[in-house]
Amino acid sequence: MIRRTVKALSKTNNMLILSEAEVRQCFPVRAAIECSRTALSSLRKDGRGGAIVPTRIGLPYDPSICRGDVSSAPSTDWSLFKPAAYYRLNGADHSSHEFDSTVKGPIDDVIMGMKVVSVRANNPAIGKPTVPATVMLLDPESGEVSAIVAATYLTAARTAAGSALATELAFRNIPQELKAALTLVVFGAGLQAELHIKSIQHVVRLKEVVIVNRSLDRAQTLKDRLLQAEGDEHCLVERTNISTMLLSNIEGVRRAVQKADVIVTATNTCVPLFSGNWVKPGCHINGVGSFTPQMKEVDDTLVQRCEVLVDTSEALDVGDLSYLKSIDENKVSNNIGLIGDALVGNVKVGKLRDDPTFQIDCTFYKSVGTAIQDVVSAQYVSKMATLNGMGMSIEI
């Protein structure tokens, strides 16, 4: 049974509005990881984790539609509408870990809301984020809007947090000495790439980070920003060798991929970024950039070699995982299930990779994002903002 706090409903409703800057202050990397641990653990195959996540609605944006041009390629610009509700169920183990005691702000018993997120490939050219987002939270009892939370940073942080949790699972049974000196290769140089580097360093120790991007200037800017990090992130980054590389440097990319222990793909490409034959056994890959059937950051060769974990069933429809649909139904599928089931111990990451009878030697976590992460994270941020007197409250 859900614990419910009874309160008198006011005739007026105060709505909290939080800016991107305020969200950043209230949502450190460690908090993002723990919020995502709770949120993803509630999303399970049997539906008994306490999450309700209806199918998202997507609207394409393509100016050529207004011109009546129906012959153009499918749009890579979309706006997505993603509702979700979280219910803390009595007796439900939402995580194999306790909520980090150093992270203040408990998760509410009931959280309801919706995220609106867009992808606009041209935004960096006009000084705007590629993936702008906003989360609307509801008061569960009254149904009124309780908060509007700027969520561009939050989206990147929770996505990176999910990848960090998947990386943690992939290396859980690896000897500690091997986890203490890993190489991370990141494709992309935006906010997603930055937060993936910071988040993954919280679960494994990195000796080297290689940033691969189409623009060397953007990669260098990210490197400089990482080296100027403050707090815990600075302590983690300063012990790591960071280098940059152009995506067009095929031989350099090949060498980087061959030595990578962890790879992150955070781009909007429709063409695989590297050959799956280059990846060494034991590597873990986090794919976060693609989200449509036409988009494909990794090739079928790599997926064929990987034990696959996904954040939601929608991830199976993305171009990266098209290979899985071609597997004979009599054969063991590479897809082992949802990360939520892995976090609570219902499935074991590495069960195929570590079994010599299967020709599988890597792990691949594919995420397209789930609104359960967004609303849980936004609720945490709104609570922390309220505790610290941040944000603007208006009567509606």
# chains A, B, ... in the order shown; residues from 1 in each chain; ligands from 1

call {"tool": "closest_atom_pairs", "arguments": {"of": "range 98-165 of chain A", "to": "range 301-311 of chain A", "cutoff": "10 Å", "atoms": "only C-alpha atoms", "output": "Markdown table"}}
result
| residue | atom | partner | partner_atom | distance |
| --- | --- | --- | --- | --- |
| A:Thr159 | CA | A:Asp311 | CA | 10.0 |
| A:Gly162 | CA | A:Asp311 | CA | 8.1 |
| A:Ser163 | CA | A:Asp311 | CA | 9.5 |

call {"tool": "write_last_selection", "arguments": {"atoms": "C-alpha atoms", "output": "short mmCIF file (atom, residue, chain, number, x, y, z; two decimals), in the first residue's frame"}}
result
data_model
loop_
_atom_site.label_atom_id
_atom_site.label_comp_id
_atom_site.auth_asym_id
_atom_site.auth_seq_id
_atom_site.Cartn_x
_atom_site.Cartn_y
_atom_site.Cartn_z
CA THR A 159 21.05 9.76 -19.40
CA GLY A 162 21.87 5.42 -16.63
CA SER A 163 25.00 4.68 -18.65
#

call {"tool": "residues_around", "arguments": {"residues": "Cys270 in chain A", "least_positions_apart": "2", "cutoff": "7 Å", "atoms": "only C-alpha atoms", "output": "ChimeraX atom specification"}}
result
/A:268,272,294-297

call {"tool": "atom_distance", "arguments": {"atom1": "CA of Pro83 in chain A", "atom2": "CA of Met392 in chain A"}}
result
23.7 Å

call {"tool": "closest_residue", "arguments": {"among": "A:Ile111, A:Ala160, A:Ile396, A:Ala260", "to": "Gly369 in chain A", "atoms": "only C-alpha atoms"}}
result
A:Ala160

call {"tool": "closest_residue", "arguments": {"among": "A:Ser42, A:Gln359, A:Ser377, A:Asn286", "to": "Ala170 in chain A", "atoms": "only C-alpha atoms"}}
result
A:Asn286

call {"tool": "residues_around", "arguments": {"residues": "range 20-35 of chain A", "least_positions_apart": "6", "cutoff": "8 Å", "atoms": "only C-alpha atoms", "output": "ChimeraX atom specification"}}
result
/A:99-100,103,149-154,157-158,161-162,164-165,195,198-199,202,373,376-377,380-381,384-385,390-391

call {"tool": "closest_residue", "arguments": {"among": "A:Gly190, A:Pro175, A:Gly337, A:Gly252", "to": "Asn123 in chain A", "atoms": "only C-alpha atoms"}}
result
A:Gly190

call {"tool": "closest_residue", "arguments": {"among": "A:Ala189, A:Leu137, A:Ile200, A:Ile107", "to": "Gln220 in chain A", "atoms": "only C-alpha atoms"}}
result
A:Ala189

call {"tool": "closest_residue", "arguments": {"among": "A:Ala193, A:Ile327, A:Leu352, A:Ile339", "to": "Ser313 in chain A", "atoms": "only C-alpha atoms"}}
result
A:Ile339

call {"tool": "closest_residue", "arguments": {"among": "A:Lys259, A:Arg56, A:Arg88, A:Arg172", "to": "Thr370 in chain A", "atoms": "only C-alpha atoms"}}
result
A:Arg56

call {"tool": "select_by_dssp", "arguments": {"residues": "range 284-335 of chain A", "states": "strand (DSSP E)", "output": "mmCIF file with N, CA, C and O atoms, in the first residue's frame"}}
result
data_model
loop_
_atom_site.group_PDB
_atom_site.id
_atom_site.type_symbol
_atom_site.label_atom_id
_atom_site.label_comp_id
_atom_site.auth_asym_id
_atom_site.auth_seq_id
_atom_site.Cartn_x
_atom_site.Cartn_y
_atom_site.Cartn_z
ATOM 1 N N HIS A 284 32.726 -2.531 -22.868
ATOM 2 C CA HIS A 284 31.322 -2.169 -22.636
ATOM 3 C C HIS A 284 31.008 -0.913 -23.419
ATOM 4 O O HIS A 284 31.758 0.068 -23.372
ATOM 5 N N ILE A 285 29.880 -0.913 -24.131
ATOM 6 C CA ILE A 285 29.482 0.225 -24.954
ATOM 7 C C ILE A 285 28.160 0.785 -24.446
ATOM 8 O O ILE A 285 27.217 0.039 -24.167
ATOM 9 N N ASN A 286 28.086 2.116 -24.310
ATOM 10 C CA ASN A 286 26.852 2.815 -23.980
ATOM 11 C C ASN A 286 26.425 3.622 -25.203
ATOM 12 O O ASN A 286 27.128 4.544 -25.617
ATOM 13 N N GLY A 287 25.278 3.284 -25.798
ATOM 14 C CA GLY A 287 24.768 4.012 -26.950
ATOM 15 C C GLY A 287 23.597 4.874 -26.550
ATOM 16 O O GLY A 287 22.572 4.361 -26.098
ATOM 17 N N CYS A 306 27.651 -8.547 -28.881
ATOM 18 C CA CYS A 306 27.325 -7.983 -27.568
ATOM 19 C C CYS A 306 26.137 -8.636 -26.882
ATOM 20 O O CYS A 306 25.157 -9.015 -27.516
ATOM 21 N N GLU A 307 26.241 -8.707 -25.584
ATOM 22 C CA GLU A 307 25.095 -8.927 -24.717
ATOM 23 C C GLU A 307 24.419 -7.568 -24.563
ATOM 24 O O GLU A 307 25.071 -6.591 -24.193
ATOM 25 N N VAL A 308 23.135 -7.493 -24.875
ATOM 26 C CA VAL A 308 22.458 -6.204 -24.977
ATOM 27 C C VAL A 308 21.510 -5.978 -23.802
ATOM 28 O O VAL A 308 20.689 -6.839 -23.463
ATOM 29 N N LEU A 309 21.627 -4.812 -23.212
ATOM 30 C CA LEU A 309 20.752 -4.364 -22.142
ATOM 31 C C LEU A 309 20.114 -3.057 -22.605
ATOM 32 O O LEU A 309 20.777 -2.221 -23.216
ATOM 33 N N VAL A 310 18.816 -2.869 -22.344
ATOM 34 C CA VAL A 310 18.118 -1.663 -22.787
ATOM 35 C C VAL A 310 17.427 -0.991 -21.606
ATOM 36 O O VAL A 310 17.143 -1.624 -20.592
ATOM 37 N N ASN A 335 19.662 -9.977 -26.535
ATOM 38 C CA ASN A 335 18.997 -9.049 -25.613
ATOM 39 C C ASN A 335 18.656 -9.763 -24.312
ATOM 40 O O ASN A 335 17.830 -10.675 -24.291
#

call {"tool": "residues_around", "arguments": {"residues": "Arg255 in chain A", "least_positions_apart": "2", "cutoff": "12 Å", "atoms": "only C-alpha atoms", "output": "list in words"}}
result
Thr183, Val185, Val210, Val212, Met245, Asn249, Ile250, Glu251, Gly252, Val253, Val257, Gln258, Lys259, Ala260, Phe274, Ser275, Asn277, Trp278, Val279 and Lys280 of chain A

call {"tool": "write_last_selection", "arguments": {"atoms": "N, CA, C and O atoms", "output": "PDB file, in the first residue's frame"}}
result
ATOM      1  N   THR A 183      40.253   2.713 -20.050  1.00  0.00           N
ATOM      2  CA  THR A 183      40.254   3.729 -21.097  1.00  0.00           C
ATOM      3  C   THR A 183      38.828   3.920 -21.609  1.00  0.00           C
ATOM      4  O   THR A 183      38.152   2.951 -21.957  1.00  0.00           O
ATOM      5  N   VAL A 185      36.476   5.894 -24.477  1.00  0.00           N
ATOM      6  CA  VAL A 185      36.420   6.626 -25.739  1.00  0.00           C
ATOM      7  C   VAL A 185      34.997   7.146 -25.902  1.00  0.00           C
ATOM      8  O   VAL A 185      34.035   6.370 -25.843  1.00  0.00           O
ATOM      9  N   VAL A 210      39.426   9.558 -24.390  1.00  0.00           N
ATOM     10  CA  VAL A 210      39.623  10.066 -25.746  1.00  0.00           C
ATOM     11  C   VAL A 210      38.294  10.615 -26.240  1.00  0.00           C
ATOM     12  O   VAL A 210      37.296   9.893 -26.269  1.00  0.00           O
ATOM     13  N   VAL A 212      36.248  11.921 -29.336  1.00  0.00           N
ATOM     14  CA  VAL A 212      36.244  11.887 -30.799  1.00  0.00           C
ATOM     15  C   VAL A 212      35.059  12.713 -31.297  1.00  0.00           C
ATOM     16  O   VAL A 212      33.922  12.493 -30.871  1.00  0.00           O
ATOM     17  N   MET A 245      40.352  13.949 -30.748  1.00  0.00           N
ATOM     18  CA  MET A 245      40.634  13.365 -32.062  1.00  0.00           C
ATOM     19  C   MET A 245      39.487  13.664 -33.018  1.00  0.00           C
ATOM     20  O   MET A 245      38.315  13.669 -32.623  1.00  0.00           O
ATOM     21  N   ASN A 249      39.724  11.086 -38.722  1.00  0.00           N
ATOM     22  CA  ASN A 249      41.031  10.434 -38.575  1.00  0.00           C
ATOM     23  C   ASN A 249      40.802   8.935 -38.371  1.00  0.00           C
ATOM     24  O   ASN A 249      40.834   8.426 -37.249  1.00  0.00           O
ATOM     25  N   ILE A 250      40.540   8.231 -39.451  1.00  0.00           N
ATOM     26  CA  ILE A 250      40.114   6.827 -39.377  1.00  0.00           C
ATOM     27  C   ILE A 250      41.128   5.958 -38.643  1.00  0.00           C
ATOM     28  O   ILE A 250      40.754   5.153 -37.774  1.00  0.00           O
ATOM     29  N   GLU A 251      42.389   6.108 -38.956  1.00  0.00           N
ATOM     30  CA  GLU A 251      43.402   5.268 -38.318  1.00  0.00           C
ATOM     31  C   GLU A 251      43.513   5.586 -36.829  1.00  0.00           C
ATOM     32  O   GLU A 251      43.646   4.681 -35.995  1.00  0.00           O
ATOM     33  N   GLY A 252      43.426   6.861 -36.482  1.00  0.00           N
ATOM     34  CA  GLY A 252      43.481   7.236 -35.072  1.00  0.00           C
ATOM     35  C   GLY A 252      42.277   6.720 -34.306  1.00  0.00           C
ATOM     36  O   GLY A 252      42.403   6.234 -33.174  1.00  0.00           O
ATOM     37  N   VAL A 253      41.097   6.808 -34.925  1.00  0.00           N
ATOM     38  CA  VAL A 253      39.880   6.292 -34.286  1.00  0.00           C
ATOM     39  C   VAL A 253      39.983   4.783 -34.105  1.00  0.00           C
ATOM     40  O   VAL A 253      39.605   4.248 -33.052  1.00  0.00           O
ATOM     41  N   VAL A 257      39.633   2.968 -30.486  1.00  0.00           N
ATOM     42  CA  VAL A 257      38.592   1.976 -30.229  1.00  0.00           C
ATOM     43  C   VAL A 257      39.207   0.645 -29.812  1.00  0.00           C
ATOM     44  O   VAL A 257      38.691  -0.040 -28.919  1.00  0.00           O
ATOM     45  N   GLN A 258      40.317   0.274 -30.419  1.00  0.00           N
ATOM     46  CA  GLN A 258      40.949  -1.013 -30.114  1.00  0.00           C
ATOM     47  C   GLN A 258      41.419  -1.114 -28.665  1.00  0.00           C
ATOM     48  O   GLN A 258      41.461  -2.209 -28.107  1.00  0.00           O
ATOM     49  N   LYS A 259      41.750   0.015 -28.057  1.00  0.00           N
ATOM     50  CA  LYS A 259      42.228  -0.039 -26.666  1.00  0.00           C
ATOM     51  C   LYS A 259      41.152   0.354 -25.655  1.00  0.00           C
ATOM     52  O   LYS A 259      41.399   0.351 -24.445  1.00  0.00           O
ATOM     53  N   ALA A 260      39.961   0.681 -26.132  1.00  0.00           N
ATOM     54  CA  ALA A 260      38.894   1.156 -25.245  1.00  0.00           C
ATOM     55  C   ALA A 260      38.332   0.025 -24.386  1.00  0.00           C
ATOM     56  O   ALA A 260      38.044  -1.067 -24.875  1.00  0.00           O
ATOM     57  N   PHE A 274      32.161   3.514 -36.157  1.00  0.00           N
ATOM     58  CA  PHE A 274      33.388   2.718 -36.206  1.00  0.00           C
ATOM     59  C   PHE A 274      33.014   1.274 -36.512  1.00  0.00           C
ATOM     60  O   PHE A 274      31.850   0.888 -36.434  1.00  0.00           O
ATOM     61  N   SER A 275      33.999   0.482 -36.856  1.00  0.00           N
ATOM     62  CA  SER A 275      33.763  -0.927 -37.151  1.00  0.00           C
ATOM     63  C   SER A 275      33.678  -1.739 -35.870  1.00  0.00           C
ATOM     64  O   SER A 275      34.520  -1.607 -34.974  1.00  0.00           O
ATOM     65  N   ASN A 277      34.428  -4.689 -35.596  1.00  0.00           N
ATOM     66  CA  ASN A 277      35.591  -5.588 -35.532  1.00  0.00           C
ATOM     67  C   ASN A 277      36.753  -4.970 -34.768  1.00  0.00           C
ATOM     68  O   ASN A 277      37.678  -5.675 -34.372  1.00  0.00           O
ATOM     69  N   TRP A 278      36.742  -3.646 -34.600  1.00  0.00           N
ATOM     70  CA  TRP A 278      37.844  -2.984 -33.901  1.00  0.00           C
ATOM     71  C   TRP A 278      37.762  -3.144 -32.380  1.00  0.00           C
ATOM     72  O   TRP A 278      38.755  -2.997 -31.686  1.00  0.00           O
ATOM     73  N   VAL A 279      36.581  -3.429 -31.881  1.00  0.00           N
ATOM     74  CA  VAL A 279      36.352  -3.427 -30.435  1.00  0.00           C
ATOM     75  C   VAL A 279      36.966  -4.668 -29.793  1.00  0.00           C
ATOM     76  O   VAL A 279      36.762  -5.786 -30.262  1.00  0.00           O
ATOM     77  N   LYS A 280      37.685  -4.463 -28.696  1.00  0.00           N
ATOM     78  CA  LYS A 280      38.341  -5.599 -28.054  1.00  0.00           C
ATOM     79  C   LYS A 280      37.358  -6.356 -27.150  1.00  0.00           C
ATOM     80  O   LYS A 280      36.383  -5.782 -26.646  1.00  0.00           O
TER      81      LYS A 280
END

call {"tool": "atom_distance", "arguments": {"atom1": "CA of Leu222 in chain A", "atom2": "CA of Asp374 in chain A"}}
result
24.7 Å

call {"tool": "atom_distance", "arguments": {"atom1": "CA of Thr265 in chain A", "atom2": "CA of Pro356 in chain A"}}
result
27.5 Å
